[in-house]
Amino acid sequence: MAFLTSPGGGNRRPGLGHRLRSAAISLTTPLLPDDYLGLINPLWSTREGRGRVVEVRRETAQATTLVIRPGSGWTPHQAGQWVRVGVQIDGTWQSRTYSVTSVADGRTGRFSITVKGIDGGRVSPYLAHSTKVGTVLRVDPPQGEFVLAPVMGRALFLTGGSGITPVMGMLRTMVADGRLLDAVHVHSALHRDDVIFGDELRRLAHRFDSYRLHEQHTDRHGLFTLDRLDQICPDWREREVWACGPPALLDAIEKHWADAGRYERLHVERFQPPVFAAPDAEGGTVSFAVTGRDAEAPAGRPILEVGEAAGVAMPSGCRMGICFSCVAPLRSGQVRDLRTGEIHGDEGEIIQTCVSAAAGPCSIDL
Amino acid sequence: MTSSPTARLSEMQIAEFGRELDAIREEILATRGDRDAVYIRKVIKTQRGLEAGGRAALFVSMFPPAWVAGTAMLSVAKILENMEIGHNVLHGQWDWMRDPEIHSTTWEWDTVISADAWKHTHNDTHHRWTNVVGKDRDVGYTMMRMSEDQRWEKRHLGQPLYNLLLAPVFDWGIALYDLELDDVRTGAKTAQQMRRQIRSLAKKAAKQSLKDFVVWPLLSGPSALPTLLANVTANVARNIWSHTIIFCGHFPEGVETFTEDQIENETRHEWYLRQLQGSANIEGSPLFHILTGNLSHQIEHHLFPDLPSNRYGEIAPRVRALCEKYGVHYETGSLSRQYGSMWKRLCRLALPPANQGTVDTRPKPVPLAA
């Protein structure tokens with residue numbers, strides 16, 4: 001079929017697959033063929049990335065690994081990257097990001113995330129403790145710059161708590177590729193049984209002389225402090241560093257490496273937990289992300305009016321919360337429903353600007 | 001209109017009434033969850049199953065039993081898609097699930113008018129200005145006189161006939177009426193805006209017509225003609241059904257209309273009251289309610305347009321009890337009663353009022369742009 005790819009011939013004719021798909025769409029319009037396929041098997045629909053949980057592995061009392069088989073069109077991850085995972089809880093889709101903990105080789109057709117259930121959280125306890133094999137999740141393509149160097153020299157990994165997760169994906173990948181050549185790993189956790197992947201890390205240290213593991217159990221030995229680095233890893237200045245853990249630890253690490261003039265050797269991954277507004281939060285700065293304008297929103301004033309006063313082209317309709325013409329996605333922060341007083345809002349949640357007031361600083365996609 | 005509850009109830013009573021309705025809404029919001037999500041998914045799955053099954057049966061529609069089965073399945077599928085699914089999804093009733101595939105911002109439905117155009121004229125104009133003559137264009141859809149407050153003209157003599165002719169092509173009627181052609185004449189819309197609107201309508205209409213009247217029939221090969229006939233039948237059946245339900249929702253006798261003067265400075269709680277008086281329910285079985293898209297609970301839908309439709313039935317008795325408590329008329333009845341009542345009103349108002357041209361003590365009627 002040379003004519004399909006003949007060079008220089010102007011417009012290329014669409015391929016057979018493309019034409020078949022167009023024909024199928026004319027049969028299912030206004031729906032897509034995927035809408036029907038998805039009813040037979042949710043993984044067949046390409047409208048949204050989806051994956052099915054095929055294995056659930058308890059790691060510690062709080063942490064669970066979910067092995068996920070994604071649907072067609074999945075982009076394999078690089079070691080250290082994260083994915084946004086959505087789960088339906090009491091009817092509503094909630095999503096959070098999790099580091100991929102499995103080997104990055106793109107061949108198995110599955111990947112795993114490891115979720116530590118946070119007390120009082122909405123999503124992580126559900127994923128960690130209530131997810132069963134067969135559950136269908138939404139999964140977005142892997143993202144993130146926290147990845148291994150193309151050529152690995154001497155490495156230092158500094159991790160704390162669930163900050164182990166991206167690094168576990170890196171270690172496993174390095175082992176699989178035969179690249180675990182010279183790595184020092186300092187990991188902090190509350191106690192021995194609280195170390196996620198504890199047994200596997202210890203087995204690795206036992207098996208490879210090139211991998212040195214230092215575990216800091218903070219209930220007995222206190223927090224890990226960077227002044228001990230000289231003792232644990234005297235050549236830390238010469239190593240490429242990957243750090244992931246609690247914000248305080250990461251702040252200290254960034255300062256330490258900056259002070260040593262070695263900042264460019266440092267790779268940091270910060271988990272950004274969702275920020276919830278205080279129960280009494282009223283008003284705040286609303287930033288209209290697309291327009292690039294900020295406005296002070298007093299308590300109880302609809303974001304629609306705040307935007308209009310600031311000269312933002314706000315979509316609007318009934319102005320009483322019934323027509324859904326004024327909706328826009330929330331980028332960050334939370335809002336208060338002026339009808340019920342309820343504070344709500346997750347990243348990406350679509351809100352009605354005419355009946356929502358800022359509950360603290362927030363950002364809208366307008 | 002001295003008998004109107006808005007006039008009879010004190011401000012405090014109206015506020016009290018409104019707060020009781022608010023409480024019902026909040027209670028449903030608090031219990032909205034998995035059960036509702038399961039419901040809408042089940043309806044969607046059933047609808048798509050019926051549509052696929054109907055289309056499949058029509059491949060062999062040269063055999064009469066297959067034609068009957070296929071046409072019936074496709075008709076019910078179209079009714080479910082427009083009424084219980086499309087209309088309600090576009091109201092944002094399921095937005096709380098945050099499912100991008102069942103969301104008012106992404107949904108497109110199986111009818112001529114596009115979702116975006118509909119959301120504007122229906123969700124905003126009709127639901128905000130329900131039954132306000134001169135504001136809610138759904139009062140008679142600019143061609144019929146459904147309220148004493150609309151000035152009678154000679155053309156209204158033909159409205160029983162217009163309505164009969166409108167029913168089988170209701171989807172086209174809605175789409176064309178939505179263009180608001182009169183707005184160009186009054187200057188509310190530029191010719192360019194109108195051209196853009198017409199282009200968008202033509203595009204959607206072409207896709208819809210191609211699917212039902214060309215591609216599927218051709219695919220059926222030897223059964224092409226019976227399939228075409230079946231698809232036309234299914235569209236007409238859906239149209240007559242939706243026309244019936246929608247006309248029974250606002251136009252039976254006993255449903256009030258309002259003038260712009262009456263709603264000046266209307267509070268949110270007075271808005272509730274207007275929704276109650278401007279809507280009518282139809283009684284029937286659970287299956288009937290689903291097939292009407294729960295618009296048989298028109299009153300509850302107008303009070304709370306964004307609550308999931310499957311919950312209207314459960315709050316209806318409570319709304320009705322509230323109405324009794326405050327002495328507000330709650331218009332409800334069987335389908336045949338409401339349908340007959342709507343026709344009676346439509347025919348009555350086709351005739352000139354006895355006093356037109358003489359002394360009229362009512363507030364000055366607001367003529368429809370025509």
# chains A, B, ... in the order shown; residues from 1 in each chain; ligands from 1
>>> select_by_dssp(residues="range 227-320 of chain A", states="strand (DSSP E or B)", output="number ranges by chain")
A: 240-244, 266-269, 283-288, 293-297
>>> write_last_selection(atoms="C-alpha atoms", output="mmCIF file, in the first residue's frame")
data_model
loop_
_atom_site.group_PDB
_atom_site.id
_atom_site.type_symbol
_atom_site.label_atom_id
_atom_site.label_comp_id
_atom_site.auth_asym_id
_atom_site.auth_seq_id
_atom_site.Cartn_x
_atom_site.Cartn_y
_atom_site.Cartn_z
ATOM 1 C CA GLU A 240 24.347 12.127 42.576
ATOM 2 C CA VAL A 241 21.547 12.375 45.130
ATOM 3 C CA TRP A 242 17.883 11.446 45.013
ATOM 4 C CA ALA A 243 15.802 12.543 48.002
ATOM 5 C CA CYS A 244 12.156 12.000 48.852
ATOM 6 C CA LEU A 266 20.442 16.934 44.051
ATOM 7 C CA HIS A 267 17.137 15.542 42.764
ATOM 8 C CA VAL A 268 14.186 16.127 45.072
ATOM 9 C CA GLU A 269 10.675 14.719 44.857
ATOM 10 C CA GLY A 283 -12.457 34.773 51.596
ATOM 11 C CA GLY A 284 -8.934 34.967 50.249
ATOM 12 C CA THR A 285 -6.977 35.719 47.124
ATOM 13 C CA VAL A 286 -8.493 34.180 44.020
ATOM 14 C CA SER A 287 -6.089 33.806 41.150
ATOM 15 C CA PHE A 288 -7.588 33.453 37.707
ATOM 16 C CA ARG A 293 -5.167 38.096 37.355
ATOM 17 C CA ASP A 294 -5.455 37.979 41.119
ATOM 18 C CA ALA A 295 -8.289 39.452 43.135
ATOM 19 C CA GLU A 296 -9.083 39.727 46.804
ATOM 20 C CA ALA A 297 -12.344 37.930 47.518
#
>>> select_by_dssp(residues="range 160-350 of chain A", states="alpha helix (DSSP H)", output="VMD selection string")
chain A and resid 164 to 177 198 to 207 218 to 221 229 to 232 247 to 259 303 to 309
>>> residues_around(residues="Ala37 in chain B", least_positions_apart="6", cutoff="9 Å", atoms="only C-alpha atoms", output="list in words")
Asp90, Gly91 and Thr92 of chain A; Trp94 and Met97 of chain B
>>> residues_around(residues="range 192-209 of chain A", least_positions_apart="3", cutoff="9 Å", atoms="only C-alpha atoms", output="PyMOL selection string")
chain A and resi 59-64+114+116+161-162+164-165+168+175+180-182+187-189+212-213+215-217
>>> closest_atom_pairs(of="chain A", to="chain B", cutoff="7 Å", atoms="only C-alpha atoms", output="JSON lines")
{"residue": "A:Ser26", "atom": "CA", "partner": "B:Lys211", "partner_atom": "CA", "distance": 6.0}
{"residue": "A:Leu27", "atom": "CA", "partner": "B:Lys211", "partner_atom": "CA", "distance": 5.6}
{"residue": "A:Pro30", "atom": "CA", "partner": "B:Glu108", "partner_atom": "CA", "distance": 5.9}
{"residue": "A:Leu39", "atom": "CA", "partner": "B:Lys45", "partner_atom": "CA", "distance": 6.9}
{"residue": "A:Asp90", "atom": "CA", "partner": "B:Asp34", "partner_atom": "CA", "distance": 4.4}
{"residue": "A:Gly91", "atom": "CA", "partner": "B:Asp34", "partner_atom": "CA", "distance": 4.1}
{"residue": "A:Thr92", "atom": "CA", "partner": "B:Met97", "partner_atom": "CA", "distance": 4.0}
{"residue": "A:Trp93", "atom": "CA", "partner": "B:Arg98", "partner_atom": "CA", "distance": 5.4}
{"residue": "A:Gly317", "atom": "CA", "partner": "B:Asp124", "partner_atom": "CA", "distance": 5.8}
{"residue": "A:Cys318", "atom": "CA", "partner": "B:Asp124", "partner_atom": "CA", "distance": 5.3}
{"residue": "A:Ile322", "atom": "CA", "partner": "B:Pro305", "partner_atom": "CA", "distance": 6.3}
{"residue": "A:Cys323", "atom": "CA", "partner": "B:Asn123", "partner_atom": "CA", "distance": 4.5}
{"residue": "A:Phe324", "atom": "CA", "partner": "B:Gly92", "partner_atom": "CA", "distance": 6.5}
>>> atom_distance(atom1="CA of Glu81 in chain B", atom2="CA of Ser220 in chain B")
23.1 Å
>>> atom_distance(atom1="CA of Ile85 in chain B", atom2="CA of Gly71 in chain A")
26.6 Å
>>> atom_distance(atom1="CA of Ser285 in chain B", atom2="CA of Ile79 in chain B")
16.4 Å
>>> residues_around(residues="Thr65 in chain A", least_positions_apart="4", cutoff="6 Å", atoms="only C-alpha atoms", output="list of chain:residue names")
A:Val56, A:Arg57, A:Ile113, A:Thr114
>>> write_last_selection(atoms="C-alpha atoms", output="PDB file, in the first residue's frame")
ATOM      1  CA  VAL A  56      -3.205  -6.464  46.312  1.00  0.00           C
ATOM      2  CA  ARG A  57      -0.133  -6.918  48.547  1.00  0.00           C
ATOM      3  CA  ILE A 113       1.840   1.771  43.260  1.00  0.00           C
ATOM      4  CA  THR A 114       2.293   1.546  47.005  1.00  0.00           C
TER       5      THR A 114
END
>>> residues_around(residues="Glu145 in chain A", least_positions_apart="4", cutoff="12 Å", atoms="only C-alpha atoms", output="ChimeraX atom specification")
/A:77-82,99,149,166,242,267-270
>>> write_last_selection(atoms="N, CA and C atoms", output="PDB file, in the first residue's frame")
ATOM      1  N   HIS A  77       6.141   3.750  32.278  1.00  0.00           N
ATOM      2  CA  HIS A  77       6.754   4.781  33.116  1.00  0.00           C
ATOM      3  C   HIS A  77       8.272   4.650  33.112  1.00  0.00           C
ATOM      4  N   GLN A  78       8.936   5.739  33.545  1.00  0.00           N
ATOM      5  CA  GLN A  78      10.353   5.660  33.859  1.00  0.00           C
ATOM      6  C   GLN A  78      10.471   5.531  35.366  1.00  0.00           C
ATOM      7  N   ALA A  79      11.497   4.814  35.811  1.00  0.00           N
ATOM      8  CA  ALA A  79      11.673   4.607  37.250  1.00  0.00           C
ATOM      9  C   ALA A  79      11.716   5.950  37.964  1.00  0.00           C
ATOM     10  N   GLY A  80      10.900   6.110  39.013  1.00  0.00           N
ATOM     11  CA  GLY A  80      10.865   7.344  39.789  1.00  0.00           C
ATOM     12  C   GLY A  80       9.664   8.210  39.474  1.00  0.00           C
ATOM     13  N   GLN A  81       8.973   7.956  38.370  1.00  0.00           N
ATOM     14  CA  GLN A  81       7.828   8.795  37.997  1.00  0.00           C
ATOM     15  C   GLN A  81       6.588   8.446  38.813  1.00  0.00           C
ATOM     16  N   TRP A  82       5.581   9.327  38.723  1.00  0.00           N
ATOM     17  CA  TRP A  82       4.328   9.096  39.436  1.00  0.00           C
ATOM     18  C   TRP A  82       3.155   9.057  38.471  1.00  0.00           C
ATOM     19  N   SER A  99       3.733   7.416  43.461  1.00  0.00           N
ATOM     20  CA  SER A  99       4.928   6.990  42.728  1.00  0.00           C
ATOM     21  C   SER A  99       4.762   5.544  42.290  1.00  0.00           C
ATOM     22  N   ALA A 149      19.598   8.993  36.262  1.00  0.00           N
ATOM     23  CA  ALA A 149      20.445   9.588  35.230  1.00  0.00           C
ATOM     24  C   ALA A 149      20.644   8.568  34.120  1.00  0.00           C
ATOM     25  N   PRO A 166       9.207   6.124  45.264  1.00  0.00           N
ATOM     26  CA  PRO A 166       9.834   6.293  43.941  1.00  0.00           C
ATOM     27  C   PRO A 166      11.214   5.645  43.889  1.00  0.00           C
ATOM     28  N   TRP A 242      19.333  11.447  45.198  1.00  0.00           N
ATOM     29  CA  TRP A 242      17.883  11.446  45.013  1.00  0.00           C
ATOM     30  C   TRP A 242      17.235  11.439  46.398  1.00  0.00           C
ATOM     31  N   HIS A 267      18.470  15.703  43.359  1.00  0.00           N
ATOM     32  CA  HIS A 267      17.137  15.542  42.764  1.00  0.00           C
ATOM     33  C   HIS A 267      16.150  15.354  43.909  1.00  0.00           C
ATOM     34  N   VAL A 268      15.137  16.203  43.952  1.00  0.00           N
ATOM     35  CA  VAL A 268      14.186  16.127  45.072  1.00  0.00           C
ATOM     36  C   VAL A 268      12.782  15.861  44.542  1.00  0.00           C
ATOM     37  N   GLU A 269      12.086  14.953  45.171  1.00  0.00           N
ATOM     38  CA  GLU A 269      10.675  14.719  44.857  1.00  0.00           C
ATOM     39  C   GLU A 269       9.859  15.069  46.092  1.00  0.00           C
ATOM     40  N   ARG A 270       8.950  16.035  45.920  1.00  0.00           N
ATOM     41  CA  ARG A 270       8.083  16.403  47.044  1.00  0.00           C
ATOM     42  C   ARG A 270       6.683  15.900  46.784  1.00  0.00           C
TER      43      ARG A 270
END
>>> residues_around(residues="Val53 in chain A", least_positions_apart="5", cutoff="9 Å", atoms="only C-alpha atoms", output="PyMOL selection string")
chain A and resi 66-70+131-137
